[in-house]
Amino acid sequence: MNGSTTPSADEAVIDREGLAALVDVLRARGFTVIGPTVRGGAIVLDELESAASLPYGWGVEHEAGRYRLRERTDTAAFANAAGPQSWKTFLHPARVRQWRAERIDGQPVFEADDTPPPRYAFLGVRPCDLRAIAVQDRVLTGGRHADPTYQGRRSGAFLVSVECTEPGGTCFCVSMGTGPAAGPGYDLVLTELVDDEGGHRFWIRSGSPEGAEVLAELPGRSADDATREAAHERVSQAAGRMGRTMPEADLHQLMAGTLDAPRWDDVASRCLTCGNCTMVCPTCFCTTTQDITDLTGDHAERWRLWDSCFDLDHSYLHGGTVRASSRSRYRQWLTHKLGTWYDQFGSSGCVGCGRCIVWCPVAIDITEEAAALHDWANRPADEGEAPA
């Protein structure tokens, strides 16, 4: 495809050189390009100076409480499921300075942190994470009090989604309606194909005017029916190879109807309340604040930090902590994620990425817990009356 030009503003087929050009074009437009790369025994998200840093030839093995890199037999760049980070790391950072103050002539002088937000281009956004960004858009910008930090970083972001053709062992995006095909919200979307017939190529489509502009700058060829059909087939096959499934039930009602289920005691006996699940979750958004000062007392700062509903102080009110037990804290997290999130934001807070399963040190599985609650709610009459 060397030297050819893209004939359509809507779709094309590019090869590895075209993917390299995509990174170069985005950088030339002033974006800081963030994408997957191999570091420290994992596929992590970091700044890409070129497409050469992408994890070509690397895959992953996912299981509850387990994550391992593995070498692939091909050169695929995106044939790997979700890693330990999500794009939340960049849009809703773990640490944000909100203001600082100096004592000048005995009087405090406050200054808000008005550092200009970075202009990000995200390369390799999985469909589940694309939905997670939409969920956080609703949470952090959809109400009366928008978060200015998130809003500033999100408003200038360029999203390049990659459809999943190889789900991990803990993925369940099909159950949540979030993948493996990409939904709306992207500027560009890629479907990667590696086979003997066509070689290593990407079917690329635009989803916004800016995406169409970027696509027009890439070397490529016209999209053909054979490539489209192969791409659709790979994504369809991925939908049938999910490593996990949620029970076929109204999860909102299930959570509301099982608040007294004995399963909460069972999971509480295993849960370490470490909060790993909330840290890796692409939609969890809770924060706390921390005020710091120097030894002179003349300088102070306020920082916003990620927080977790598994933290004892998270539910602290005057006189004590509301959710003091492991049982109450795990129940709060799961019932909010799968249930009361609907009441607040009109959708589930879970996108089926499976990160909470992989990065739980004791391998607690959200799909297993939901299935156990579903079984209890639908137990035979001779085992006791089911909840209404």
# chains A, B, ... in the order shown; residues from 1 in each chain; ligands from 1
>>> residues_around(residues="Asp313 (chain A)", least_positions_apart="6", cutoff="12 Å", atoms="only C-alpha atoms", output="number ranges by chain")
A: 287-289, 307, 319-325, 329
>>> select_by_dssp(residues="region 41-248 of chain A", states="helix (DSSP H, G or I)", output="ChimeraX atom specification")
/A:51-53,88-91,127-141,148-155,173-176,209-216,225-239
>>> closest_residue(among="A:Cys353, A:Cys309, A:Leu373, A:Ala82", to="Gly275 (chain A)", atoms="only C-alpha atoms")
A:Cys309
>>> atom_distance(atom1="CA of Arg131 (chain A)", atom2="CA of Glu166 (chain A)")
18.2 Å
>>> residues_around(residues="region 161-165 of chain A", least_positions_apart="2", cutoff="6 Å", atoms="only C-alpha atoms", output="list of chain:residue names")
A:Gly124, A:Val125, A:Arg126, A:Pro180, A:Ala181, A:Ala182, A:Val189, A:Leu190, A:Thr191, A:Arg234, A:Val235, A:Ala238
>>> residues_around(residues="region 30-45 of chain A", least_positions_apart="4", cutoff="8 Å", atoms="only C-alpha atoms", output="list in words")
Val23, Leu26, Glu49, Ser53, Leu54, Pro55, Tyr67, Arg68, Leu69, Gly83, Pro84, Gln85, Ser86, Pro118, Arg119, Tyr120, Ala121, Phe122, Leu123 and Gly124 of chain A
>>> closest_residue(among="A:Asp113, A:Ser308, A:Pro209, A:Glu11", to="Thr227 (chain A)", atoms="only C-alpha atoms")
A:Glu11
>>> closest_residue(among="A:Pro282, A:Pro184, A:Cys171, A:Trp58", to="Phe90 (chain A)", atoms="only C-alpha atoms")
A:Pro282
>>> atom_distance(atom1="CA of His92 (chain A)", atom2="CA of Leu272 (chain A)")
25.3 Å
>>> closest_residue(among="A:Ala249, A:Cys360, A:Cys286, A:Leu215", to="Asp10 (chain A)", atoms="only C-alpha atoms")
A:Leu215
>>> closest_residue(among="A:Ala256, A:Ala94, A:Cys284, A:Cys277", to="Asp343 (chain A)", atoms="only C-alpha atoms")
A:Ala256
>>> closest_residue(among="A:Arg27, A:His145, A:Arg103, A:His200", to="Tyr56 (chain A)", atoms="only C-alpha atoms")
A:His200
